[in-house]
Number of protein chains: 2
Amino acid sequence: MTGAIFDRLTFTADGLIPAIAQQHDTGEVLMLAWMNRESIQETLATGQVCYFSRSRQKLWRKGETSGQTQKLIELRLDCDGDAILLLVDQTGVACHTGRRTCFYTALRDGALKEICLPEVSPDQLYRQTT
Amino acid sequence: MTGAIFDRLTFTADGLIPAIAQQHDTGEVLMLAWMNRESIQETLATGQVCYFSRSRQKLWRKGETSGQTQKLIELRLDCDGDAILLLVDQTGVACHTGRRTCFYTALRDGALKEICLPEVSPDQLYRQTT
């Protein structure tokens, strides 16, 4: 069923493709992460976003530890098939720092400023165990 | 003035970093492209977005040929400094196909569908010469 998409995607030499997660209703850009073929297949099969962690070199089921999952609303690809846009419904915060978005640092007047505060402490986020 | 940002950014081995362009007022994700240090410096100096073209291996001053420029409203970086979010004011369309956004292909009911039409023909876009 989802084979069609792989004919249109271009992966890096490492088998990865960048994916932007955007909150589907507010338009907020939450994060940029990477997917591989397997994580795309899993995301489409389960409806829950799964990335590929470059640092851990394994599937990263978003929210598996923190509970801050991303429900897939729609997957889009760009004109040359080398980037993915995931419209998602984010449970809680997207960022491991406890902020809603990972893009909380802005360059303003020549200096970097944090423009949003954590909504939850990282300790609290990762204390959740199953 | 902008040195602070480079202390916080992590580039790939090729000296690149992915950058998401988002229309600042509507929240529309327009495209994902790549920047290098020089293109970031130029973008900040001129206020007009400049990428690095991986296919042409040179600076890509967005809209230089087509006239579809992106005025920088704000540059943000993510929590681990390996992705950039550019809030921009897009003149006309962002995509070389003549569509407003490059992310015009959606996976719906297991098939890829084009969900927006070109607003201008590519021929017209690239006919403009100075």
# chains A, B, ... in the order shown; residues from 1 in each chain; ligands from 1

call {"tool": "interface_residues", "arguments": {"of": "chain B", "to": "chain A", "cutoff": "9 Å", "atoms": "only C-alpha atoms", "output": "PyMOL selection string"}}
result
chain B and resi 1-5+18+20+22+26-29+31-33+74-80+82-85+95-97+101-112

call {"tool": "select_by_dssp", "arguments": {"residues": "region 2-108 of chain A", "states": "strand (DSSP E)", "output": "ChimeraX atom specification"}}
result
/A:17-23,29-35,50-53,58-61,70-77,84-90,105-108

call {"tool": "residues_around", "arguments": {"residues": "region 46-63 of chain A", "least_positions_apart": "6", "cutoff": "7 Å", "atoms": "only C-alpha atoms", "output": "PyMOL selection string"}}
result
chain A and resi 33-36+39+69-72

call {"tool": "write_last_selection", "arguments": {"atoms": "all heavy atoms", "output": "PDB file, in the first residue's frame"}}
result
ATOM      1  N   ALA A  33      13.733  15.903  12.548  1.00  0.00           N
ATOM      2  CA  ALA A  33      14.469  14.680  12.878  1.00  0.00           C
ATOM      3  C   ALA A  33      14.645  13.884  11.590  1.00  0.00           C
ATOM      4  O   ALA A  33      14.340  14.378  10.498  1.00  0.00           O
ATOM      5  CB  ALA A  33      13.720  13.881  13.946  1.00  0.00           C
ATOM      6  N   TRP A  34      15.142  12.673  11.719  1.00  0.00           N
ATOM      7  CA  TRP A  34      15.460  11.878  10.533  1.00  0.00           C
ATOM      8  C   TRP A  34      14.675  10.576  10.542  1.00  0.00           C
ATOM      9  O   TRP A  34      14.383  10.017  11.596  1.00  0.00           O
ATOM     10  CB  TRP A  34      16.967  11.609  10.495  1.00  0.00           C
ATOM     11  CG  TRP A  34      17.751  12.876  10.279  1.00  0.00           C
ATOM     12  CD1 TRP A  34      18.040  13.829  11.219  1.00  0.00           C
ATOM     13  CD2 TRP A  34      18.284  13.358   9.049  1.00  0.00           C
ATOM     14  NE1 TRP A  34      18.729  14.876  10.640  1.00  0.00           N
ATOM     15  CE2 TRP A  34      18.899  14.609   9.308  1.00  0.00           C
ATOM     16  CE3 TRP A  34      18.310  12.860   7.741  1.00  0.00           C
ATOM     17  CZ2 TRP A  34      19.533  15.367   8.328  1.00  0.00           C
ATOM     18  CZ3 TRP A  34      18.943  13.610   6.751  1.00  0.00           C
ATOM     19  CH2 TRP A  34      19.543  14.846   7.045  1.00  0.00           C
ATOM     20  N   MET A  35      14.345  10.135   9.358  1.00  0.00           N
ATOM     21  CA  MET A  35      13.652   8.855   9.212  1.00  0.00           C
ATOM     22  C   MET A  35      14.459   7.974   8.262  1.00  0.00           C
ATOM     23  O   MET A  35      15.190   8.482   7.406  1.00  0.00           O
ATOM     24  CB  MET A  35      12.242   9.066   8.643  1.00  0.00           C
ATOM     25  CG  MET A  35      11.379   9.982   9.500  1.00  0.00           C
ATOM     26  SD  MET A  35       9.696  10.232   8.858  1.00  0.00           S
ATOM     27  CE  MET A  35       8.809   8.916   9.690  1.00  0.00           C
ATOM     28  N   ASN A  36      14.313   6.670   8.425  1.00  0.00           N
ATOM     29  CA  ASN A  36      14.792   5.742   7.406  1.00  0.00           C
ATOM     30  C   ASN A  36      13.574   4.983   6.874  1.00  0.00           C
ATOM     31  O   ASN A  36      12.434   5.230   7.293  1.00  0.00           O
ATOM     32  CB  ASN A  36      15.896   4.818   7.958  1.00  0.00           C
ATOM     33  CG  ASN A  36      15.376   3.872   9.031  1.00  0.00           C
ATOM     34  OD1 ASN A  36      14.203   3.918   9.400  1.00  0.00           O
ATOM     35  ND2 ASN A  36      16.244   3.022   9.535  1.00  0.00           N
ATOM     36  N   SER A  39      11.501   3.274   9.603  1.00  0.00           N
ATOM     37  CA  SER A  39      10.733   4.153  10.495  1.00  0.00           C
ATOM     38  C   SER A  39       9.524   4.748   9.765  1.00  0.00           C
ATOM     39  O   SER A  39       8.476   4.968  10.370  1.00  0.00           O
ATOM     40  CB  SER A  39      11.625   5.251  11.101  1.00  0.00           C
ATOM     41  OG  SER A  39      11.998   6.195  10.136  1.00  0.00           O
ATOM     42  N   THR A  69       4.013  11.519  22.680  1.00  0.00           N
ATOM     43  CA  THR A  69       3.911  10.914  21.349  1.00  0.00           C
ATOM     44  C   THR A  69       3.415  11.905  20.295  1.00  0.00           C
ATOM     45  O   THR A  69       2.882  12.969  20.608  1.00  0.00           O
ATOM     46  CB  THR A  69       2.937   9.725  21.397  1.00  0.00           C
ATOM     47  OG1 THR A  69       1.717  10.184  21.974  1.00  0.00           O
ATOM     48  CG2 THR A  69       3.488   8.588  22.247  1.00  0.00           C
ATOM     49  N   GLN A  70       3.612  11.506  19.042  1.00  0.00           N
ATOM     50  CA  GLN A  70       3.107  12.284  17.910  1.00  0.00           C
ATOM     51  C   GLN A  70       2.210  11.378  17.075  1.00  0.00           C
ATOM     52  O   GLN A  70       2.679  10.404  16.486  1.00  0.00           O
ATOM     53  CB  GLN A  70       4.271  12.794  17.045  1.00  0.00           C
ATOM     54  CG  GLN A  70       5.135  13.817  17.755  1.00  0.00           C
ATOM     55  CD  GLN A  70       6.310  14.301  16.931  1.00  0.00           C
ATOM     56  OE1 GLN A  70       6.742  13.643  15.990  1.00  0.00           O
ATOM     57  NE2 GLN A  70       6.850  15.457  17.294  1.00  0.00           N
ATOM     58  N   LYS A  71       0.963  11.733  17.024  1.00  0.00           N
ATOM     59  CA  LYS A  71       0.029  10.993  16.168  1.00  0.00           C
ATOM     60  C   LYS A  71       0.125  11.551  14.756  1.00  0.00           C
ATOM     61  O   LYS A  71       0.039  12.772  14.557  1.00  0.00           O
ATOM     62  CB  LYS A  71      -1.392  11.159  16.717  1.00  0.00           C
ATOM     63  CG  LYS A  71      -2.445  10.438  15.902  1.00  0.00           C
ATOM     64  CD  LYS A  71      -3.837  10.724  16.449  1.00  0.00           C
ATOM     65  CE  LYS A  71      -4.887  10.149  15.518  1.00  0.00           C
ATOM     66  NZ  LYS A  71      -6.236  10.566  15.904  1.00  0.00           N
ATOM     67  N   LEU A  72       0.290  10.688  13.802  1.00  0.00           N
ATOM     68  CA  LEU A  72       0.398  11.148  12.415  1.00  0.00           C
ATOM     69  C   LEU A  72      -0.967  11.544  11.873  1.00  0.00           C
ATOM     70  O   LEU A  72      -1.917  10.749  11.900  1.00  0.00           O
ATOM     71  CB  LEU A  72       0.986  10.048  11.520  1.00  0.00           C
ATOM     72  CG  LEU A  72       1.167  10.447  10.054  1.00  0.00           C
ATOM     73  CD1 LEU A  72       2.275  11.487   9.911  1.00  0.00           C
ATOM     74  CD2 LEU A  72       1.461   9.230   9.180  1.00  0.00           C
TER      75      LEU A  72
END

call {"tool": "select_by_dssp", "arguments": {"residues": "chain A", "states": "helix (DSSP H, G or I)", "output": "PyMOL selection string"}}
result
chain A and resi 3-8+37-46+122-127

call {"tool": "atom_distance", "arguments": {"atom1": "CA of Gln90 (chain B)", "atom2": "CA of Glu64 (chain B)"}}
result
13.1 Å

call {"tool": "decode", "arguments": {"residues": "region 42-88 of chain A", "atoms": "N, CA and C atoms", "output": "tab-separated table (two decimals), in the first residue's frame"}}
result
chain	number	residue	atom	x	y	z
A	42	GLU	N	6.97	1.97	9.72
A	42	GLU	CA	6.33	1.81	11.03
A	42	GLU	C	5.36	2.95	11.32
A	43	THR	N	5.77	4.17	10.98
A	43	THR	CA	4.90	5.33	11.20
A	43	THR	C	3.58	5.17	10.45
A	44	LEU	N	3.68	4.72	9.21
A	44	LEU	CA	2.45	4.56	8.41
A	44	LEU	C	1.61	3.40	8.91
A	45	ALA	N	2.27	2.37	9.41
A	45	ALA	CA	1.53	1.20	9.87
A	45	ALA	C	0.82	1.47	11.19
A	46	THR	N	1.48	2.24	12.07
A	46	THR	CA	0.92	2.42	13.42
A	46	THR	C	0.17	3.73	13.59
A	47	GLY	N	0.50	4.72	12.74
A	47	GLY	CA	-0.11	6.04	12.92
A	47	GLY	C	0.54	6.85	14.02
A	48	GLN	N	1.62	6.31	14.59
A	48	GLN	CA	2.40	7.04	15.59
A	48	GLN	C	3.79	7.27	15.00
A	49	VAL	N	4.29	8.52	15.14
A	49	VAL	CA	5.53	8.85	14.45
A	49	VAL	C	6.73	8.14	15.08
A	50	CYS	N	7.51	7.53	14.20
A	50	CYS	CA	8.75	6.84	14.58
A	50	CYS	C	9.87	7.42	13.72
A	51	TYR	N	10.92	7.89	14.36
A	51	TYR	CA	12.09	8.42	13.63
A	51	TYR	C	13.21	7.39	13.67
A	52	PHE	N	14.35	7.80	13.10
A	52	PHE	CA	15.57	7.02	13.27
A	52	PHE	C	16.56	7.90	14.01
A	53	SER	N	17.02	7.43	15.14
A	53	SER	CA	17.97	8.21	15.93
A	53	SER	C	19.38	8.03	15.38
A	54	ARG	N	19.96	9.14	14.93
A	54	ARG	CA	21.32	9.05	14.40
A	54	ARG	C	22.32	8.79	15.51
A	55	SER	N	22.07	9.34	16.70
A	55	SER	CA	23.04	9.14	17.79
A	55	SER	C	22.97	7.71	18.33
A	56	ARG	N	21.77	7.18	18.40
A	56	ARG	CA	21.64	5.82	18.95
A	56	ARG	C	21.63	4.75	17.86
A	57	GLN	N	21.52	5.23	16.59
A	57	GLN	CA	21.51	4.31	15.43
A	57	GLN	C	20.44	3.22	15.56
A	58	LYS	N	19.26	3.68	15.96
A	58	LYS	CA	18.14	2.74	15.99
A	58	LYS	C	16.81	3.49	15.90
A	59	LEU	N	15.76	2.76	15.73
A	59	LEU	CA	14.44	3.37	15.64
A	59	LEU	C	14.15	4.15	16.91
A	60	TRP	N	13.52	5.29	16.72
A	60	TRP	CA	13.20	6.17	17.84
A	60	TRP	C	11.69	6.40	17.80
A	61	ARG	N	11.02	5.62	18.64
A	61	ARG	CA	9.56	5.76	18.69
A	61	ARG	C	9.25	6.96	19.57
A	62	LYS	N	8.94	8.05	18.91
A	62	LYS	CA	8.78	9.33	19.59
A	62	LYS	C	7.79	9.20	20.74
A	63	GLY	N	8.25	9.53	21.94
A	63	GLY	CA	7.37	9.51	23.10
A	63	GLY	C	7.38	8.19	23.84
A	64	GLU	N	8.15	7.24	23.34
A	64	GLU	CA	8.14	5.90	23.96
A	64	GLU	C	8.57	5.97	25.43
A	65	THR	N	9.55	6.83	25.71
A	65	THR	CA	10.02	6.97	27.10
A	65	THR	C	9.26	8.07	27.83
A	66	SER	N	9.04	9.19	27.13
A	66	SER	CA	8.48	10.38	27.78
A	66	SER	C	6.96	10.41	27.79
A	67	GLY	N	6.36	9.64	26.90
A	67	GLY	CA	4.90	9.71	26.75
A	67	GLY	C	4.45	10.82	25.81
A	68	GLN	N	5.41	11.61	25.32
A	68	GLN	CA	5.06	12.75	24.45
A	68	GLN	C	5.02	12.29	22.99
A	69	THR	N	4.01	11.52	22.68
A	69	THR	CA	3.91	10.91	21.35
A	69	THR	C	3.42	11.90	20.29
A	70	GLN	N	3.61	11.51	19.04
A	70	GLN	CA	3.11	12.28	17.91
A	70	GLN	C	2.21	11.38	17.07
A	71	LYS	N	0.96	11.73	17.02
A	71	LYS	CA	0.03	10.99	16.17
A	71	LYS	C	0.12	11.55	14.76
A	72	LEU	N	0.29	10.69	13.80
A	72	LEU	CA	0.40	11.15	12.41
A	72	LEU	C	-0.97	11.54	11.87
A	73	ILE	N	-1.04	12.76	11.37
A	73	ILE	CA	-2.26	13.21	10.71
A	73	ILE	C	-2.10	13.06	9.20
A	74	GLU	N	-0.95	13.50	8.69
A	74	GLU	CA	-0.71	13.34	7.25
A	74	GLU	C	0.79	13.42	6.97
A	75	LEU	N	1.23	12.60	6.03
A	75	LEU	CA	2.62	12.64	5.59
A	75	LEU	C	2.67	13.29	4.21
A	76	ARG	N	3.55	14.27	4.07
A	76	ARG	CA	3.74	14.91	2.76
A	76	ARG	C	5.21	14.84	2.37
A	77	LEU	N	5.48	14.89	1.08
A	77	LEU	CA	6.86	14.95	0.64
A	77	LEU	C	7.07	16.16	-0.26
A	78	ASP	N	8.31	16.54	-0.38
A	78	ASP	CA	8.54	17.75	-1.17
A	78	ASP	C	8.77	17.42	-2.64
A	79	CYS	N	8.93	18.48	-3.43
A	79	CYS	CA	8.94	18.35	-4.89
A	79	CYS	C	10.02	17.41	-5.40
A	80	ASP	N	11.15	17.38	-4.74
A	80	ASP	CA	12.20	16.47	-5.22
A	80	ASP	C	12.37	15.24	-4.32
A	81	GLY	N	11.44	15.04	-3.41
A	81	GLY	CA	11.40	13.80	-2.64
A	81	GLY	C	12.56	13.60	-1.69
A	82	ASP	N	13.21	14.69	-1.29
A	82	ASP	CA	14.30	14.51	-0.33
A	82	ASP	C	14.02	15.15	1.02
A	83	ALA	N	12.76	15.41	1.29
A	83	ALA	CA	12.36	15.89	2.62
A	83	ALA	C	10.90	15.50	2.85
A	84	ILE	N	10.59	15.28	4.10
A	84	ILE	CA	9.24	14.87	4.51
A	84	ILE	C	8.66	15.90	5.46
A	85	LEU	N	7.38	16.17	5.32
A	85	LEU	CA	6.66	17.00	6.28
A	85	LEU	C	5.61	16.13	6.95
A	86	LEU	N	5.71	16.02	8.26
A	86	LEU	CA	4.75	15.23	9.02
A	86	LEU	C	3.79	16.17	9.72
A	87	LEU	N	2.54	16.13	9.36
A	87	LEU	CA	1.53	16.86	10.12
A	87	LEU	C	1.12	15.94	11.26
A	88	VAL	N	1.27	16.43	12.46
A	88	VAL	CA	1.09	15.56	13.63
A	88	VAL	C	0.17	16.21	14.65
